[in-house]
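**Student:** Have a look at this one.
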Amino acid sequence: MFIASQLMNGLASSALLLLYSLGVVMIMGHMSVVNMAHGECIMLGAYVCYYLYTVAGVPYLLSLMMSFFITALFGAAVERLIIRKLYGKTAETLLATYALSLIIKQLVNLVCGSELKYVAVPFDGNISVFGVTVPLYNIFIIVITAMVLFATWLIFYKTPFGMKMRAATGNRSMTECLGINCRAVDTLTFAYGVGLAGFAGAVLAPIRGVSPFMGASYVTDSFMNVCVGGLQSLPGTALSSLLIGQSTSILGGIWNEVNAKMLVFLIVVVMIRFRPDGLFKKERR
Amino acid sequence: MKLDLRKKLMKTAAAALSLTMAASLISGCDKSDNSDIKIGLLFSKTGATAITEECMINAAEMAVDEINEAGGINGKKLTYVFEDYATDAATAAEKIKKLIMQDEVTAVVGCYTSASRIACEPVVEENNSLLIYPTFYEGEKPSENVVYTGAVPNQQGDIFIPWLAENVGKKFFLLGTDTVYAQLINSQCRDALANIGGEVVGEEYVPNGHNDFSTIITKIKDADPDVLFVNLNGDSGVAFFKQYKQYGLDANTMPVASYLLDESTVAALGAETAAGHYTSINYVSTLDTEANKSFLERYHEKFGDDAEMTVVGEETYASVMLLAQALKKTDDYSAESIIKAMDGISLDAPEGTITFDAETNHMYLRGRIAKVNSEGKFEVVYESPELIKPNPEA
């Protein structure tokens, strides 16, 4: 029974981890930009959700969608104003996005205050099956993550935009020669990545604390997750989320949280030592 | 070209130097005016704990105003210099140095985080000045230059654990952030339970910032305790309470007892999630006494009806009042004689009468256990009959 509960918990944690890592797959995997402000994008989404859902009384699902679009818009602006000038300069983008993360954090702190914000859990309650209690919201998380994953896959592989994006990642100059506007593709990709982070923030808001400094706890996990999965790979990131989520849950269950976290980090470090490109390496010609 | 730049730089530097000299001369003139007593207030107006400390700043200002309205200190007016340490320990040390050296304040009332207090202590000790630290905290070997007006763990735990064991249940599950503070109060809880025949059925720690409690909750369900003794920092605490409710745990059968459950946490949780849980503290704003009602009335008149009052605000108010009473009793404003003058002072604070303990530089306080009601307000369910002696080194 204990293991069954832990497996269900692990599944929900894995789904959450995947959800807030997807933005990194887009931005780091496809644009080679290390976005140090990823955590703050998550935080912005959570705040949008707080103001719409708690303060203005907009229905939760609508707030969720709005969080995506508003943070995506913000992402587009950031790409146009800052990131665009810095493509190919890893150290500079790292510094610029780190500065951005500090600025966003302090601005939100000044404008909204540092206290934790209250966001009600939208699908409250739980179901019990054979003594295993599963909160309804966890089921919602699993379903919504599957939907976002599927939608992202569709965009990647089934739309002209996805094709252009993959082309731009694969061979930029050739793509430009073919008359495709790579700059527009860049803006959209970055905006989509940031939008996903904001969406994840809105999903996290009801069950975790909403505060200006909440982002920090998600950044490390999402970067680690994407590295294990293999930068550009959607299935790789999905699999690695499952591995990390479940092993943390099971190890935490039979041991304790502090040791589980250390052990999972250790496993990840060893794994990256032997498979530096992650689980799903993208073959390049 | 280069030379030009250097000249310019020199000029600017010289100008800046003469300006600062002039400024220090002017402030030097200020100091010669001996008709006022100047104290320092050191709190965060910006930074992570700014919201918590807002009511401390308000309360200190109100106390100073009230002292002056009542005739000041032996005819002298009490004034203050405010500095913002922005929830940063290094800044706190810098600012308190400025208050002591440049403003030459008689004493400083301030600091909220333990880190800021620890950073300020060596500075106050070096300059043989006085810091009054106005919040509950984890306890330490008292410094000779610090007066601590908040509760230490024994003033919360001594009544809390036995009361819970008697009125709620004897099986405890201990949970905390992996810090010295949580481990200390959990081991105190363990000792207290051993004395009264209670039992610890589980003990877990989570890393700082942890916010997925599904695993812990599975363990809690397996252990089936009567009381959850939970001391989680900031966001972690909120995440825990929310997930507690999501997984269908019930405050009626398995309530949470926490030192870190205050008015601001309850606001972040919502009344529905916070209802039924317990805290142990010397003051809650809903305290039903004349002194407290009048205190809150004056406070709201000054700062508006929405201004919140919490235990740290009340303790700050009491700190300034204590300092004023001590200053009235002495003409020598050195740290040593001010502290000596505090000996034997019984202070009528909003929380009731509290007395100074010369042995530890802490306060004898009344312990109170409060439960969150269905409207999200604290209701006092137990009051210690006697004031509890502070034991900061427990």
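In the structure tokens, the first chain shown is A, the next is B, and so on; residue numbers restart at 1 for each chain, and ligands run from 1 in the order shown.
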Using only C-alpha atoms, select each residue of chain A with any atom at most 6 Å away from an atom of chain B, and give the selection as a PyMOL selection string.
**Tutor:** chain A and resi 9+114+116-118+125+135+207-209+253+257-258
**Student:** Could you list, as a compact mmCIF listing (two decimals) with N, CA and C atoms, in the first residue's frame, every residue within 7 Å of region 279-290 of chain B, counting only C-alpha atoms and ignoring same-chain residues fewer than 5 positions away?
**Tutor:**
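File produced: around-v9.txt:
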```
# COMPACT_ATOMS: atom_id res chain seq x y z
N GLN B 156 7.57 28.77 24.95
CA GLN B 156 6.49 28.31 24.07
C GLN B 156 6.21 26.83 24.32
N PHE B 160 3.14 24.07 25.85
CA PHE B 160 2.52 23.59 24.61
C PHE B 160 2.45 22.06 24.57
N ALA B 257 0.52 21.38 15.18
CA ALA B 257 0.96 22.33 16.20
C ALA B 257 2.27 22.92 15.72
N SER B 258 2.37 24.25 15.69
CA SER B 258 3.56 24.87 15.12
C SER B 258 3.87 26.19 15.80
N TYR B 259 5.16 26.47 16.02
CA TYR B 259 5.55 27.79 16.53
C TYR B 259 5.50 28.81 15.40
N LEU B 261 3.30 29.25 13.02
CA LEU B 261 1.99 29.56 12.45
C LEU B 261 1.57 30.92 13.00
N MET B 309 -1.46 43.68 13.22
CA MET B 309 -0.61 43.62 14.39
C MET B 309 -0.30 42.15 14.67
N THR B 310 0.98 41.85 14.84
CA THR B 310 1.37 40.48 15.17
C THR B 310 2.24 40.52 16.42
N VAL B 311 2.65 39.35 16.85
CA VAL B 311 3.43 39.25 18.08
C VAL B 311 4.70 40.09 18.03
N GLU B 351 0.18 42.69 26.03
CA GLU B 351 -0.04 41.27 26.32
C GLU B 351 -0.24 41.02 27.81
N LEU B 365 7.58 35.86 30.54
CA LEU B 365 6.39 36.06 29.71
C LEU B 365 5.29 35.08 30.06
N ARG B 366 4.07 35.47 29.74
CA ARG B 366 2.94 34.54 29.91
C ARG B 366 2.80 33.71 28.64
N GLY B 367 2.77 32.38 28.81
CA GLY B 367 2.61 31.51 27.65
C GLY B 367 1.15 31.40 27.27
N ARG B 368 0.88 31.37 25.98
CA ARG B 368 -0.51 31.24 25.52
C ARG B 368 -0.58 30.23 24.38
N ILE B 369 -1.61 29.40 24.39
CA ILE B 369 -1.83 28.48 23.27
C ILE B 369 -3.06 28.98 22.53
N ALA B 370 -2.92 29.12 21.21
CA ALA B 370 -4.04 29.64 20.43
C ALA B 370 -4.37 28.68 19.31
N LYS B 371 -5.67 28.63 18.99
CA LYS B 371 -6.16 27.76 17.93
C LYS B 371 -6.80 28.63 16.86
N PHE B 378 -7.07 33.79 15.53
CA PHE B 378 -6.53 33.00 16.64
C PHE B 378 -7.43 33.14 17.87
N GLU B 379 -7.72 32.00 18.50
CA GLU B 379 -8.50 32.00 19.72
C GLU B 379 -7.63 31.42 20.81
```
**Student:** At a cut-off of 12 Å, using only C-alpha atoms, what residues contact Glu92 (chain A)? Leave out same-chain residues fewer than 4 positions from it and give the result as a JSON list (two decimals) with N, CA and C atoms, in the first residue's frame.
**Tutor:**
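Output file out_2.json follows:
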```json
[["chain", "number", "residue", "atom", "x", "y", "z"],
["A", 33, "VAL", "N", 20.11, 28.97, -25.45],
["A", 33, "VAL", "CA", 20.16, 30.09, -24.51],
["A", 33, "VAL", "C", 19.91, 29.51, -23.11],
["A", 34, "VAL", "N", 20.85, 29.74, -22.20],
["A", 34, "VAL", "CA", 20.62, 29.30, -20.82],
["A", 34, "VAL", "C", 19.85, 30.41, -20.12],
["A", 35, "ASN", "N", 18.57, 30.17, -19.92],
["A", 35, "ASN", "CA", 17.73, 31.21, -19.35],
["A", 35, "ASN", "C", 17.73, 31.12, -17.83],
["A", 36, "MET", "N", 18.59, 31.93, -17.19],
["A", 36, "MET", "CA", 18.67, 31.90, -15.73],
["A", 36, "MET", "C", 17.41, 32.47, -15.09],
["A", 82, "ILE", "N", 16.48, 41.95, -25.45],
["A", 82, "ILE", "CA", 17.75, 41.55, -24.83],
["A", 82, "ILE", "C", 18.40, 40.36, -25.53],
["A", 83, "ILE", "N", 17.68, 39.26, -25.57],
["A", 83, "ILE", "CA", 18.28, 38.00, -26.00],
["A", 83, "ILE", "C", 18.78, 38.08, -27.45],
["A", 84, "ARG", "N", 18.00, 38.75, -28.29],
["A", 84, "ARG", "CA", 18.32, 38.86, -29.72],
["A", 84, "ARG", "C", 19.75, 39.34, -29.96],
["A", 85, "LYS", "N", 20.20, 40.28, -29.12],
["A", 85, "LYS", "CA", 21.52, 40.86, -29.32],
["A", 85, "LYS", "C", 22.64, 39.90, -28.91],
["A", 86, "LEU", "N", 22.26, 38.83, -28.23],
["A", 86, "LEU", "CA", 23.30, 38.03, -27.57],
["A", 86, "LEU", "C", 23.40, 36.59, -28.04],
["A", 87, "TYR", "N", 22.76, 36.26, -29.17],
["A", 87, "TYR", "CA", 22.84, 34.88, -29.63],
["A", 87, "TYR", "C", 24.27, 34.46, -29.89],
["A", 88, "GLY", "N", 24.60, 33.26, -29.46],
["A", 88, "GLY", "CA", 25.94, 32.75, -29.70],
["A", 88, "GLY", "C", 26.94, 33.16, -28.63],
["A", 96, "ALA", "N", 23.14, 38.18, -18.65],
["A", 96, "ALA", "CA", 21.97, 39.02, -18.92],
["A", 96, "ALA", "C", 20.72, 38.42, -18.31],
["A", 97, "THR", "N", 20.54, 37.11, -18.48],
["A", 97, "THR", "CA", 19.32, 36.51, -17.94],
["A", 97, "THR", "C", 19.37, 36.43, -16.42],
["A", 98, "TYR", "N", 20.59, 36.29, -15.87],
["A", 98, "TYR", "CA", 20.71, 36.29, -14.42],
["A", 98, "TYR", "C", 20.31, 37.66, -13.87],
["A", 99, "ALA", "N", 20.82, 38.71, -14.54],
["A", 99, "ALA", "CA", 20.45, 40.07, -14.13],
["A", 99, "ALA", "C", 18.94, 40.25, -14.23]]
```
**Student:** Could you go through region 160-231 of chain B and tell me which residues DSSP, when run on the backbone, assigns to strand (DSSP E), listing them as JSON, numbers by chain?
**Tutor:** {"B": [171, 172, 173, 174, 175, 176, 177, 199, 200, 201, 202, 203, 204, 205, 206, 227, 228, 229, 230, 231]}
**Student:** Report the distance between CA of His362 (chain B) and CA of Gln325 (chain B) in Å, rounded to one decimal place.
**Tutor:**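 Pair CA of His362 (chain B) / CA of Gln325 (chain B) returns 15.8 Å.
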**Student:** Fewer than 4 positions away in the same chain doesn't count, so skip those; otherwise give me all residues within 10 Å of Glu94 (chain B), counting only C-alpha atoms, as a ChimeraX atom specification.
**Tutor:** /B:85,89-90,98-99,119-120,123
**Student:** Please return, as a ChimeraX atom specification, all residues of region 85-325 of chain B that DSSP assigns to alpha helix (DSSP H) on the basis of the backbone.
**Tutor:** /B:89-101,114-126,153-167,180-195,214-223,234-246,263-269,271-274,290-303,311-325
**Student:** I'd like the interatomic distance between CA of Val132 (chain A) and CA of Tyr244 (chain B), to a tenth of an Å.
**Tutor:**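 Taking CA of Val132 (chain A) as the start and CA of Tyr244 (chain B) as the end point, the length is 14.7 Å.
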**Student:** Find the residues near Glu297 (chain B): any atom within 12 Å, counting only C-alpha atoms, skip ones fewer than 4 places away on the same chain, and give them as a list of chain:residue names.
**Tutor:** B:Met62, B:Ser285, B:Glu290, B:Ala291, B:Asn292, B:Lys293, B:Glu301, B:Lys302, B:Phe303, B:Gly304, B:Asp305, B:Asp306, B:Ala307, B:Glu308, B:Met309, B:Pro350
**Student:** Residues within 8 Å of Leu16 (chain A), please, as a ChimeraX atom specification. Count only C-alpha atoms; anything in the same chain fewer than 6 positions from it doesn't count.
**Tutor:** /A:141-142,145,200,204
**Student:** Quick one: pull the distance between CA of Gly75 (chain B) and CA of Phe295 (chain B), Å, one decimal.
**Tutor:**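 Between CA of Gly75 (chain B) and CA of Phe295 (chain B) the gap is 24.1 Å.
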**Student:** Distance table requested - region 59-163 of chain A against region 173-195 of chain A, cut-off 9 Å, only C-alpha atoms: one row per qualifying residue with the closest atom pair and its distance in Å to one decimal, ordered by chain and rising residue number, as CSV.
**Tutor:**
```
residue,atom,partner,partner_atom,distance
A:Ser67,CA,A:Gly195,CA,7.5
A:Phe68,CA,A:Gly195,CA,4.6
A:Phe69,CA,A:Gly195,CA,6.2
A:Ile70,CA,A:Gly195,CA,7.4
A:Thr71,CA,A:Gly195,CA,5.0
A:Ala72,CA,A:Gly195,CA,3.9
A:Leu73,CA,A:Ala191,CA,6.4
A:Phe74,CA,A:Ala191,CA,7.4
A:Gly75,CA,A:Ala191,CA,4.4
A:Ala76,CA,A:Ala191,CA,4.7
A:Ala77,CA,A:Ala191,CA,8.2
A:Val78,CA,A:Ala191,CA,8.5
A:Glu79,CA,A:Thr187,CA,5.9
A:Arg80,CA,A:Thr187,CA,6.8
A:Arg84,CA,A:Arg183,CA,8.2
A:Phe161,CA,A:Val185,CA,7.6
```
**Student:** What lies within 10 Å of Asn225 (chain A) using only C-alpha atoms, ignoring chain neighbours under 3 positions off, as a list of chain:residue names?
**Tutor:**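 Here the qualifying residues turn out to be A:Leu17, A:Leu18, A:Tyr20, A:Ser21, A:Leu22, A:Val24, A:Val25, A:Val219, A:Thr220, A:Asp221, A:Ser222, A:Val228, A:Gly229, A:Gly230, A:Leu231, A:Gly236, A:Thr237, A:Ala238, A:Leu239, A:Ser240, A:Ser241, A:Leu242, A:Leu243, A:Ile244, A:Gly245, A:Val268, A:Gly278.
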